[in-house]
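Engineer: Next comes the structure file final_2.cif, holding mmCIF, C-alpha atoms.
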data_structure
loop_
_atom_site.label_atom_id
_atom_site.label_comp_id
_atom_site.auth_asym_id
_atom_site.auth_seq_id
_atom_site.Cartn_x
_atom_site.Cartn_y
_atom_site.Cartn_z
CA MET A 235 8.85 -0.08 30.42
CA THR A 236 10.05 -3.09 32.32
CA GLU A 237 12.91 -3.06 34.63
CA ILE A 238 15.37 -5.84 34.69
CA ILE A 239 15.72 -7.12 38.21
CA THR A 240 19.10 -8.52 38.85
CA SER A 241 19.76 -10.85 41.70
CA ASP A 242 21.89 -9.18 44.33
CA LYS A 243 22.33 -12.34 46.34
CA PRO A 244 25.93 -13.35 46.82
CA ALA A 245 26.91 -16.47 44.95
CA ALA A 246 27.26 -18.57 48.10
CA ASP A 247 23.62 -18.01 49.03
CA GLN A 248 22.26 -19.18 45.72
CA ASP A 249 20.32 -22.42 45.48
CA PRO A 250 22.57 -25.42 45.31
CA HIS A 251 22.60 -27.47 42.16
CA PRO A 252 19.69 -29.98 42.04
CA ALA A 253 22.23 -32.77 41.68
CA ARG A 254 23.55 -31.96 45.13
CA LEU A 255 20.06 -32.24 46.63
CA ILE A 256 19.54 -35.58 44.94
CA VAL A 257 22.92 -36.88 46.07
CA THR A 258 22.27 -35.77 49.67
CA LEU A 259 18.89 -37.50 49.81
CA ALA A 260 20.21 -40.62 48.07
CA LEU A 261 23.09 -40.83 50.55
CA ALA A 262 20.75 -40.31 53.52
CA GLY A 263 18.45 -43.01 52.15
CA LEU A 264 21.36 -45.37 51.55
CA ILE A 265 22.79 -44.97 55.06
CA SER A 266 19.32 -45.32 56.57
CA GLY A 267 18.67 -48.46 54.52
CA VAL A 268 21.93 -50.05 55.63
CA ALA A 269 21.12 -49.21 59.27
CA ILE A 270 17.65 -50.71 59.00
CA VAL A 271 18.89 -53.89 57.32
CA GLY A 272 21.56 -54.11 60.02
CA ILE A 273 19.11 -53.89 62.91
CA PHE A 274 16.73 -56.29 61.17
CA GLU A 275 19.50 -58.86 60.73
CA ALA A 276 20.77 -58.34 64.27
CA THR A 277 17.39 -58.89 65.91
CA PHE A 278 15.85 -61.39 63.47
CA THR A 279 16.96 -64.56 65.29
CA THR A 280 15.89 -63.30 68.71
CA ILE A 281 12.52 -62.17 67.42
CA ALA A 282 11.89 -65.48 65.62
CA GLU A 283 12.94 -67.39 68.75
CA ASN A 284 10.65 -65.26 70.94
CA LYS A 285 7.72 -65.90 68.62
CA ALA A 286 8.36 -69.65 68.42
CA ARG A 287 8.72 -69.85 72.20
CA GLU A 288 5.53 -67.85 72.76
CA LEU A 289 3.60 -70.09 70.39
CA ARG A 290 5.01 -73.22 71.99
CA ALA A 291 4.10 -71.95 75.44
CA ALA A 292 0.61 -71.14 74.17
CA VAL A 293 0.12 -74.63 72.71
CA PHE A 294 1.20 -76.24 75.99
CA LYS A 295 -1.12 -73.90 77.88
CA VAL A 296 -4.27 -74.55 75.87
CA LEU A 297 -3.73 -78.33 75.83
CA PRO A 298 -3.15 -79.46 79.42
CA GLY A 299 -0.95 -82.55 79.70
CA VAL A 300 0.86 -82.03 76.41
CA SER A 301 4.62 -82.50 76.31
CA GLN A 302 5.27 -82.74 72.56
CA MET A 303 3.80 -81.02 69.55
CA GLN A 304 3.95 -80.98 65.80
CA LYS A 305 2.62 -78.71 63.12
CA LEU A 306 -0.13 -80.01 60.84
CA ALA A 307 -1.47 -78.70 57.57
CA TYR A 308 -4.47 -79.40 55.38
CA LEU A 309 -2.99 -80.69 52.12
CA ASP A 310 -4.69 -82.64 49.31
CA GLY A 311 -7.88 -83.15 51.29
CA GLN A 312 -6.37 -84.41 54.53
CA VAL A 313 -4.64 -83.17 57.65
CA VAL A 314 -1.00 -84.28 57.59
CA PRO A 315 2.23 -83.36 59.39
CA LEU A 316 3.62 -80.29 57.70
CA PRO A 317 6.21 -81.24 55.07
CA PRO A 318 9.39 -79.18 55.50
CA ASP A 319 9.15 -77.50 52.10
CA ALA A 320 5.46 -76.59 52.15
CA SER A 321 4.15 -73.28 53.44
CA PRO A 322 0.36 -73.50 53.45
CA GLU A 323 -1.74 -70.58 54.61
CA LYS A 324 -3.36 -72.31 57.55
CA THR A 325 -1.73 -74.69 59.99
CA ILE A 326 -2.75 -76.23 63.30
CA TYR A 327 -0.81 -78.06 65.99
CA ALA A 328 -1.25 -81.54 67.35
CA GLY A 329 -0.33 -82.09 70.98
CA TYR A 330 0.92 -85.40 72.40
CA GLY A 331 1.38 -86.52 75.98
CA GLU A 332 3.97 -88.89 77.47
CA GLY A 333 4.86 -91.73 75.11
CA GLY A 334 3.46 -89.89 72.07
CA LYS A 335 -0.18 -90.41 73.03
CA PHE A 336 -2.39 -88.02 71.04
CA ILE A 337 -4.21 -85.52 73.25
CA GLY A 338 -5.73 -82.83 71.09
CA TYR A 339 -5.33 -80.03 68.58
CA ALA A 340 -4.30 -76.45 69.17
CA ILE A 341 -6.07 -74.39 66.53
CA PRO A 342 -5.21 -70.77 65.75
CA GLY A 343 -8.09 -68.49 64.82
CA GLU A 344 -8.54 -64.81 64.14
CA GLY A 345 -11.31 -62.32 63.58
CA PRO A 346 -12.38 -58.75 64.23
CA GLY A 347 -12.58 -57.64 67.86
CA PHE A 348 -13.70 -54.30 69.25
CA GLN A 349 -10.70 -52.34 67.93
CA ASP A 350 -8.57 -54.61 65.80
CA THR A 351 -8.09 -58.22 64.79
CA ILE A 352 -7.94 -60.66 67.69
CA LYS A 353 -5.65 -63.63 67.15
CA LEU A 354 -6.05 -66.55 69.49
CA LEU A 355 -5.20 -70.19 69.93
CA TYR A 356 -7.53 -72.74 71.47
CA GLY A 357 -7.12 -76.33 72.50
CA TYR A 358 -9.64 -78.83 71.16
CA LYS A 359 -10.10 -82.45 72.23
CA PRO A 360 -11.88 -84.28 69.41
CA ALA A 361 -12.65 -87.28 71.63
CA ASP A 362 -14.81 -85.16 73.96
CA ARG A 363 -15.79 -82.52 71.38
CA LYS A 364 -14.69 -79.93 73.91
CA VAL A 365 -12.58 -76.79 73.95
CA VAL A 366 -10.05 -77.28 76.75
CA GLY A 367 -8.18 -73.99 76.79
CA MET A 368 -7.91 -70.60 75.12
CA GLU A 369 -5.05 -68.14 74.84
CA ILE A 370 -5.12 -64.72 73.16
CA LEU A 371 -2.02 -64.31 70.99
CA GLU A 372 -2.61 -60.80 69.72
CA SER A 373 -5.22 -58.18 70.48
CA ARG A 374 -5.58 -54.45 70.80
CA GLU A 375 -8.74 -54.46 72.88
CA THR A 376 -9.42 -51.54 75.21
CA PRO A 377 -7.05 -51.66 78.18
CA GLY A 378 -9.01 -52.20 81.38
CA LEU A 379 -12.11 -53.51 79.60
CA GLY A 380 -11.62 -55.58 76.46
CA ASP A 381 -8.20 -56.79 77.55
CA LYS A 382 -9.96 -58.81 80.23
CA ILE A 383 -10.43 -61.46 77.51
CA TYR A 384 -6.91 -62.53 78.49
CA LYS A 385 -6.38 -60.82 81.85
CA ASP A 386 -9.54 -62.03 83.57
CA ALA A 387 -8.89 -65.55 84.87
CA VAL A 388 -12.63 -66.21 85.28
CA PHE A 389 -13.34 -65.47 81.63
CA VAL A 390 -10.39 -67.51 80.38
CA GLY A 391 -11.49 -70.28 82.75
CA ASN A 392 -14.77 -70.49 80.81
CA PHE A 393 -12.83 -72.22 78.05
CA ALA A 394 -11.20 -74.90 80.19
CA ASP A 395 -14.00 -77.44 79.69
CA LEU A 396 -16.44 -76.19 77.11
CA PRO A 397 -18.57 -78.44 74.87
CA ILE A 398 -18.78 -77.02 71.36
CA ASP A 399 -22.17 -78.50 70.39
CA PRO A 400 -24.33 -77.16 68.89
CA VAL A 401 -22.33 -73.89 69.09
CA ILE A 402 -20.70 -71.97 71.92
CA GLU A 403 -22.96 -69.20 73.17
CA VAL A 404 -22.30 -66.01 75.09
CA VAL A 405 -24.66 -65.09 77.92
CA LYS A 406 -24.74 -62.24 80.42
CA LYS A 407 -22.75 -62.88 83.55
CA GLY A 408 -24.67 -65.13 85.94
CA ARG A 409 -27.22 -66.30 83.35
CA ARG A 410 -25.35 -69.47 82.47
CA ASP A 411 -27.67 -72.49 82.40
CA SER A 412 -26.02 -74.81 79.91
CA ASP A 413 -22.51 -76.28 79.53
CA ASN A 414 -21.90 -74.77 76.10
CA GLN A 415 -22.34 -71.21 77.39
CA VAL A 416 -19.72 -68.63 78.31
CA ASP A 417 -20.17 -65.78 80.79
CA ALA A 418 -19.54 -62.46 79.03
CA ILE A 419 -17.29 -59.91 80.70
CA THR A 420 -19.30 -57.02 82.15
CA GLY A 421 -18.51 -53.92 80.07
CA ALA A 422 -16.72 -55.89 77.35
CA THR A 423 -19.56 -57.76 75.69
CA ILE A 424 -18.27 -57.10 72.18
CA SER A 425 -14.81 -58.49 72.95
CA SER A 426 -16.31 -61.53 74.72
CA ARG A 427 -18.62 -62.22 71.78
CA ALA A 428 -15.71 -61.77 69.36
CA VAL A 429 -13.65 -64.47 71.10
CA VAL A 430 -16.53 -66.95 71.00
CA ARG A 431 -17.39 -66.06 67.41
CA ILE A 432 -13.78 -66.64 66.33
CA ILE A 433 -13.77 -70.08 67.95
CA ASN A 434 -17.12 -71.03 66.41
CA GLU A 435 -16.04 -69.83 62.96
CA THR A 436 -12.68 -71.60 63.18
CA ASN A 437 -14.46 -74.78 64.26
CA VAL A 438 -16.57 -74.62 61.09
CA ILE A 439 -13.38 -74.37 59.01
CA TRP A 440 -11.44 -77.17 60.71
CA LEU A 441 -13.68 -79.72 62.37
CA ASP A 442 -14.80 -81.44 59.13
CA LYS A 443 -11.21 -81.66 57.96
CA LEU A 444 -9.81 -83.30 61.09
CA PRO A 445 -9.17 -87.05 60.79
CA ALA A 446 -11.49 -89.48 62.57
CA THR A 447 -10.78 -90.20 66.24
CA GLY A 448 -8.06 -92.82 66.50
CA SER A 449 -6.45 -92.04 63.15
CA GLU A 450 -4.68 -88.83 64.09
CA PRO A 451 -1.22 -88.24 62.63
CA VAL A 452 1.39 -89.81 64.90
CA MET A 453 4.27 -87.97 66.47
CA PRO A 454 7.53 -88.84 64.73
CA ALA A 455 9.84 -90.46 67.28
CA GLY A 456 12.95 -88.66 68.46
CA SER A 457 11.78 -85.11 67.81
CA ASP A 458 9.68 -82.85 69.91
CA GLU A 459 10.36 -79.70 68.01
CA VAL A 460 8.17 -78.10 65.38
CA ALA A 461 9.77 -76.68 62.30
CA HIS A 462 10.32 -72.94 62.64
CA ASP A 463 8.84 -70.89 59.91
CA MET B 276 29.79 -23.22 87.01
CA THR B 277 31.50 -22.05 83.85
CA GLU B 278 29.55 -20.26 81.17
CA SER B 279 29.42 -23.25 78.83
CA GLU B 280 28.33 -25.55 81.61
CA ASN B 281 25.68 -23.02 82.48
CA ARG B 282 24.46 -23.01 78.87
CA ASP B 283 24.36 -26.84 78.85
CA TYR B 284 22.34 -26.77 82.03
CA ASN B 285 19.92 -24.18 80.66
CA GLU B 286 19.33 -26.11 77.46
CA PHE B 287 18.68 -29.23 79.50
CA ILE B 288 16.43 -27.73 82.13
CA LYS B 289 14.22 -25.66 79.83
CA GLY B 290 12.60 -28.79 78.34
CA ILE B 291 11.63 -30.04 81.77
CA TRP B 292 9.76 -26.99 83.00
CA ARG B 293 9.73 -23.69 81.10
CA ASP B 294 9.33 -25.18 77.60
CA ASN B 295 7.94 -28.58 78.55
CA PRO B 296 6.98 -30.18 75.22
CA VAL B 297 3.63 -31.42 76.50
CA PHE B 298 2.46 -28.96 79.15
CA VAL B 299 3.77 -25.77 77.52
CA GLN B 300 4.26 -26.46 73.80
CA VAL B 301 1.40 -28.99 73.68
CA LEU B 302 3.27 -31.13 71.13
CA GLY B 303 3.30 -34.89 70.64
CA MET B 304 -0.34 -35.28 71.63
CA CYS B 305 -0.99 -38.45 69.63
CA PRO B 306 1.29 -40.81 71.61
CA MET B 307 0.54 -38.75 74.70
CA LEU B 308 -3.16 -39.56 74.70
CA ALA B 309 -2.89 -43.01 73.17
CA VAL B 310 -0.45 -44.83 75.44
CA THR B 311 -0.87 -43.13 78.81
CA ASN B 312 -3.54 -45.47 80.14
CA SER B 313 -0.96 -47.10 82.39
CA ALA B 314 2.24 -45.88 83.98
CA ILE B 315 4.46 -48.60 82.51
CA ASN B 316 3.28 -47.93 78.94
CA ALA B 317 3.92 -44.23 79.45
CA ILE B 318 7.50 -44.92 80.60
CA ALA B 319 8.24 -47.30 77.72
CA MET B 320 6.89 -44.81 75.19
CA GLY B 321 8.89 -42.02 76.83
CA GLY B 322 12.04 -44.14 76.75
CA ALA B 323 11.65 -44.93 73.05
CA THR B 324 11.02 -41.25 72.30
CA LEU B 325 14.10 -40.25 74.30
CA PHE B 326 16.26 -42.64 72.29
CA VAL B 327 14.90 -41.37 68.97
CA LEU B 328 15.12 -37.68 69.89
CA VAL B 329 18.66 -37.82 71.30
CA GLY B 330 19.91 -39.92 68.38
CA SER B 331 18.29 -37.71 65.75
CA SER B 332 19.41 -34.46 67.37
CA PHE B 333 22.96 -35.75 67.56
CA LEU B 334 23.06 -36.70 63.87
CA VAL B 335 21.25 -33.59 62.67
CA ALA B 336 23.58 -31.31 64.61
CA ALA B 337 26.64 -33.25 63.41
CA PHE B 338 25.66 -33.21 59.73
CA LYS B 339 23.92 -29.83 59.57
CA LYS B 340 26.64 -28.35 57.32
CA TRP B 341 26.14 -31.00 54.67
CA ILE B 342 22.35 -30.89 54.58
CA PRO B 343 21.11 -28.30 52.04
CA LYS B 344 18.18 -26.36 53.46
CA GLN B 345 15.88 -27.30 50.56
CA VAL B 346 15.92 -30.97 51.56
CA ARG B 347 16.43 -30.60 55.29
CA ILE B 348 12.96 -31.76 56.34
CA SER B 349 13.25 -34.92 54.23
CA CYS B 350 16.67 -35.62 55.73
CA PHE B 351 15.37 -35.08 59.28
CA ILE B 352 12.50 -37.49 58.63
CA ILE B 353 14.84 -40.13 57.16
CA ILE B 354 17.07 -39.86 60.24
CA ILE B 355 14.11 -39.97 62.66
CA ALA B 356 12.47 -42.90 60.85
CA THR B 357 15.71 -44.88 60.98
CA PHE B 358 15.99 -44.41 64.73
CA VAL B 359 12.34 -45.34 65.20
CA THR B 360 12.84 -48.56 63.23
CA ILE B 361 15.88 -49.39 65.36
CA ALA B 362 13.86 -48.73 68.54
CA ASP B 363 10.97 -50.82 67.20
CA TYR B 364 13.07 -53.90 66.45
CA THR B 365 15.12 -53.56 69.64
CA LEU B 366 11.98 -53.46 71.80
CA LEU B 367 10.50 -56.39 69.87
CA ALA B 368 13.63 -58.46 70.44
CA LEU B 369 14.38 -57.51 74.05
CA VAL B 370 11.00 -56.81 75.68
CA PRO B 371 8.28 -58.44 73.54
CA VAL B 372 5.70 -57.92 76.30
CA VAL B 373 6.08 -54.14 76.29
CA HIS B 374 6.18 -54.13 72.50
CA LYS B 375 2.90 -56.02 72.44
CA GLU B 376 1.27 -53.34 74.59
CA LEU B 377 2.61 -50.37 72.64
CA GLY B 378 2.28 -52.09 69.28
CA ALA B 379 1.07 -49.66 66.67
CA PHE B 380 2.28 -46.57 68.51
CA ILE B 381 6.02 -47.19 68.15
CA PRO B 382 6.10 -46.50 64.37
CA LEU B 383 4.01 -43.41 65.06
CA ILE B 384 6.94 -41.83 66.93
CA VAL B 385 8.07 -40.74 63.44
CA ALA B 386 5.03 -38.49 63.32
CA ASN B 387 5.63 -37.01 66.78
CA CYS B 388 5.95 -33.34 65.86
CA MET B 389 7.96 -32.66 69.00
CA ILE B 390 10.88 -34.61 67.50
CA LEU B 391 10.81 -32.95 64.09
CA GLY B 392 10.21 -29.64 65.87
CA ARG B 393 13.43 -29.92 67.89
CA GLN B 394 15.47 -30.73 64.76
CA GLU B 395 14.10 -27.73 62.88
CA ALA B 396 14.08 -25.28 65.78
CA PHE B 397 17.22 -26.30 67.62
CA ALA B 398 19.49 -29.14 66.50
CA SER B 399 19.96 -27.80 62.96
CA LYS B 400 21.18 -24.46 64.34
CA ASN B 401 23.34 -25.48 67.29
CA THR B 402 26.43 -27.47 68.19
CA VAL B 403 26.25 -31.21 68.75
CA ARG B 404 26.74 -30.76 72.48
CA LEU B 405 23.94 -28.26 72.93
CA ALA B 406 21.65 -30.25 70.63
CA VAL B 407 22.12 -33.37 72.73
CA MET B 408 21.52 -31.41 75.96
CA ASP B 409 18.38 -29.92 74.44
CA ALA B 410 17.17 -33.34 73.27
CA LEU B 411 17.85 -34.89 76.69
CA GLY B 412 15.95 -32.09 78.43
CA MET B 413 13.00 -32.16 76.05
CA SER B 414 12.63 -35.93 76.21
CA THR B 415 12.99 -35.96 80.00
CA GLY B 416 10.20 -33.39 80.08
CA PHE B 417 8.20 -35.61 77.75
CA VAL B 418 8.79 -38.70 79.94
CA ILE B 419 7.74 -36.76 83.06
CA ALA B 420 4.57 -35.53 81.36
CA LEU B 421 3.72 -38.98 80.02
CA PHE B 422 4.35 -40.57 83.40
CA THR B 423 2.23 -37.99 85.23
CA LEU B 424 -0.68 -38.59 82.88
CA GLY B 425 -0.20 -42.37 82.88
CA ALA B 426 -0.01 -42.56 86.67
CA VAL B 427 -3.11 -40.41 87.23
CA ARG B 428 -5.11 -42.39 84.68
CA GLU B 429 -3.99 -45.78 85.93
CA ILE B 430 -4.61 -44.92 89.60
CA LEU B 431 -8.11 -43.57 88.96
CA GLY B 432 -9.07 -45.83 86.08
CA ALA B 433 -7.73 -49.15 87.26
CA GLY B 434 -7.00 -48.54 90.95
CA SER B 435 -3.39 -49.61 90.53
CA LEU B 436 0.08 -48.24 89.78
CA PHE B 437 2.58 -50.27 87.75
CA GLY B 438 0.01 -53.06 87.96
CA ILE B 439 0.11 -53.13 91.78
CA ASP B 440 -3.34 -52.91 93.30
CA LEU B 441 -3.64 -49.79 95.48
CA PHE B 442 -7.12 -49.65 96.95
CA GLY B 443 -8.27 -53.25 97.30
CA ALA B 444 -11.47 -54.83 96.05
CA ALA B 445 -13.80 -52.16 97.45
CA TRP B 446 -12.52 -49.59 94.91
CA GLU B 447 -14.73 -49.12 91.89
CA PRO B 448 -12.40 -48.00 89.05
CA TRP B 449 -13.40 -44.98 86.98
CA VAL B 450 -13.32 -46.86 83.71
CA ILE B 451 -13.60 -43.63 81.70
CA MET B 452 -10.11 -42.62 82.84
CA ILE B 453 -8.39 -45.38 80.85
CA LEU B 454 -10.56 -44.75 77.79
CA PRO B 455 -9.73 -41.89 75.37
CA PRO B 456 -12.00 -39.31 77.07
CA GLY B 457 -10.06 -39.86 80.29
CA GLY B 458 -6.89 -38.87 78.46
CA PHE B 459 -8.39 -35.59 77.32
CA LEU B 460 -9.89 -34.88 80.76
CA THR B 461 -6.62 -35.56 82.59
CA LEU B 462 -4.54 -33.58 80.10
CA GLY B 463 -6.99 -30.67 80.31
CA LEU B 464 -6.85 -30.62 84.10
CA ILE B 465 -3.06 -30.84 84.18
CA LEU B 466 -2.77 -27.98 81.65
CA LEU B 467 -5.15 -25.97 83.82
CA VAL B 468 -3.01 -26.46 86.91
CA PHE B 469 0.18 -25.76 84.95
CA ASN B 470 -1.13 -22.50 83.48
CA TRP B 471 -2.56 -21.43 86.83
CA MET B 472 0.84 -21.93 88.45
CA THR B 473 2.62 -20.04 85.67
CA GLN B 474 0.14 -17.18 86.00
CA ARG B 475 0.52 -17.02 89.78
CA LYS B 476 4.27 -16.88 89.41
CA GLN B 477 3.97 -14.05 86.88
CA MET B 478 1.62 -12.07 89.13
CA PHE B 479 3.99 -12.56 92.04
CA MET B 480 6.94 -11.33 89.99
CA GLU B 481 4.95 -8.26 88.92
CA LYS B 482 4.10 -7.47 92.52
CA VAL B 483 7.75 -7.78 93.50
CA ALA B 484 8.74 -5.46 90.66
CA GLU B 485 6.08 -2.94 91.70
CA ALA B 486 7.17 -3.03 95.31
CA GLN B 487 10.77 -2.43 94.25
CA ARG B 488 9.69 0.55 92.11
CA SER B 489 7.70 2.19 94.94
CA ASP B 490 10.64 1.68 97.29
CA SER B 491 13.07 3.59 95.17
#
Output the file's structure as structure tokens, nothing else.
Structural biologist:
Amino acid sequence: MTEIITSDKPAADQDPHPARLIVTLALAGLISGVAIVGIFEATFTTIAENKARELRAAVFKVLPGVSQMQKLAYLDGQVVPLPPDASPEKTIYAGYGEGGKFIGYAIPGEGPGFQDTIKLLYGYKPADRKVVGMEILESRETPGLGDKIYKDAVFVGNFADLPIDPVIEVVKKGRRDSDNQVDAITGATISSRAVVRIINETNVIWLDKLPATGSEPVMPAGSDEVAHD
Amino acid sequence: MTESENRDYNEFIKGIWRDNPVFVQVLGMCPMLAVTNSAINAIAMGGATLFVLVGSSFLVAAFKKWIPKQVRISCFIIIIATFVTIADYTLLALVPVVHKELGAFIPLIVANCMILGRQEAFASKNTVRLAVMDALGMSTGFVIALFTLGAVREILGAGSLFGIDLFGAAWEPWVIMILPPGGFLTLGLILLVFNWMTQRKQMFMEKVAEAQRSDS
């Protein structure tokens, strides 16, 4: 014999209609979406400006003596000033001194570090075949150890005048006996090696593509601004 | 102090000491251990958490009548995630340097169980005013805990505080303190001290009670 169990809950306590749950969640999602779009729109210009300024500052830092720059891209087998409508995957920057004299390239590179991808920018003077500066754009290396790749002035100074031939090598601190060698940071060998490896690998990608010395793209007169992306 | 002011005060103060989210409830451990390797990171993380918690508690308490209990957790998460996104973009626009340091941990505030915990345990059952007081207290407690940990780890692990060198060149930093094990070690020691103090206080109160009983 089965007993019929009747619900003795008062009507108000019963589960709300599923439609009400859906409507509540949809409304919450809608309001949240509007808020997120709002904050994105409100901060977009500032964020883009910050990024452009940071990159500009980095280019000027890794290429001493530069006062103007333009963005270059590798299109149809040659390195040309970036056309306004193109958005190629990889771009580099050409730096020019007073009077539009070509100085060197600022080349962005990235690769795995100790914890996450390291993104950096380095200055390269094709005339001397030398790296003349290096700036870390993004890294999540261990604070206090790996972050010395950008906080330790001695390590960064390694890249101020560094011949790239045959390749850049990392040696233990104090064991440097050749110009193309970099002193590793004590306790952050992996991060130090990562920086050098990124530069070597990026060199392999770009150096063959760069135009011959003397035939670099010229700086268009009357503009010293790169196109924002 | 009127009764309601007293209640406000109690809800505020409990998060700082008696129910401190880190030292007593041991919640929010992920950001706690991840970003406390320097004092400034700890403060920035605490500030972002404060903003998210106060904002979410306010909204949850204000809209609690309209949120059916079957979908409450989803609603809380939507509200929290919205505030986190706002905090993320605001930090990125206003202080890019700090954002660069905290990076991946800002979005993870969504997963800080202390925030969801306060919505479920307090804001969804109390008035807007009390919910905001509770949120302010809890996040102040969180900031204090984060700062304590961050300061200890930065002083021992890097020999500096807020990036200012404290001991000069002769100091050999205890590198382990700014690495993850240092976080666990410091937190463990602080919890030890905290529990020891709580226990001492309890024993003292018991002695007082006993003395009063034998007097009468």
Engineer: Return the neighbours of chain B among the residues of chain A, cut-off 12 Å, counting only C-alpha atoms, as number ranges by chain.
Structural biologist: A: 247-285, 287-288, 350, 370-381, 385, 420-422
Engineer: Of the candidates B:Ala410, B:Met472, B:Met389, B:Met478, which one gets nearest to B:Val335 if we count only C-alpha atoms?
Structural biologist: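 That would be B:Ala410, the residue with the smallest distance to B:Val335.
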Engineer: Could you please determine the separation between atom CA of B:Leu325 and atom CA of B:Ile291 in Å, to one decimal place?
Structural biologist: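 Here the two named atoms are 12.9 Å from each other.
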Engineer: Just give me the gap between atom CA of A:Val430 and atom CA of A:Gly329 in Å, one decimal is fine.
Structural biologist: 22.2 Å
Engineer: What is the distance between atom CA of B:Leu464 and atom CA of B:Ile315, in Å to one decimal?
Structural biologist: 21.3 Å
Engineer: Quick one: everything within 8 Å of stretch 294-304 of chain A, counting only C-alpha atoms, minus sequence neighbours fewer than 2 positions away in the same chain. Send it as a PyMOL selection string.
Structural biologist: chain A and resi 290-292+306+315+327-332+334+337-340+355-358+366-369+453+458-460
Engineer: Run through the PyMOL selection byres ((chain B and resi 283) around 10) on the given coordinates and return the selected residues as a list in words.
Structural biologist: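 Written out, the selection comes to Thr277, Glu278, Ser279, Glu280, Asn281, Arg282, Tyr284, Asn285, Glu286, Phe287, Ile288, Arg404, Leu405, Ala406, Val407, Met408, Asp409 and Gly412 of chain B.
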Engineer: The PyMOL selection byres ((chain A and resi 435) around 12) - which residues does that actually catch in the file I just gave you? List them as a PyMOL selection string.
Structural biologist: chain A and resi 341-346+398+401-402+427-434+436-441
Engineer: Could you spell out the hits of the PyMOL selection byres ((chain B and resi 391) around 10) on the shown file, as a PyMOL selection string?
Structural biologist: chain B and resi 328+331-332+348+351-352+355+385-390+392-398
Engineer: Which residues are close to B:Trp446, i.e. within 10 Å by only C-alpha atoms, leaving aside same-chain residues fewer than 3 positions away? Reply as an NGL selection string.
Structural biologist: :B and (431 or 433-434 or 440-443 or 449)
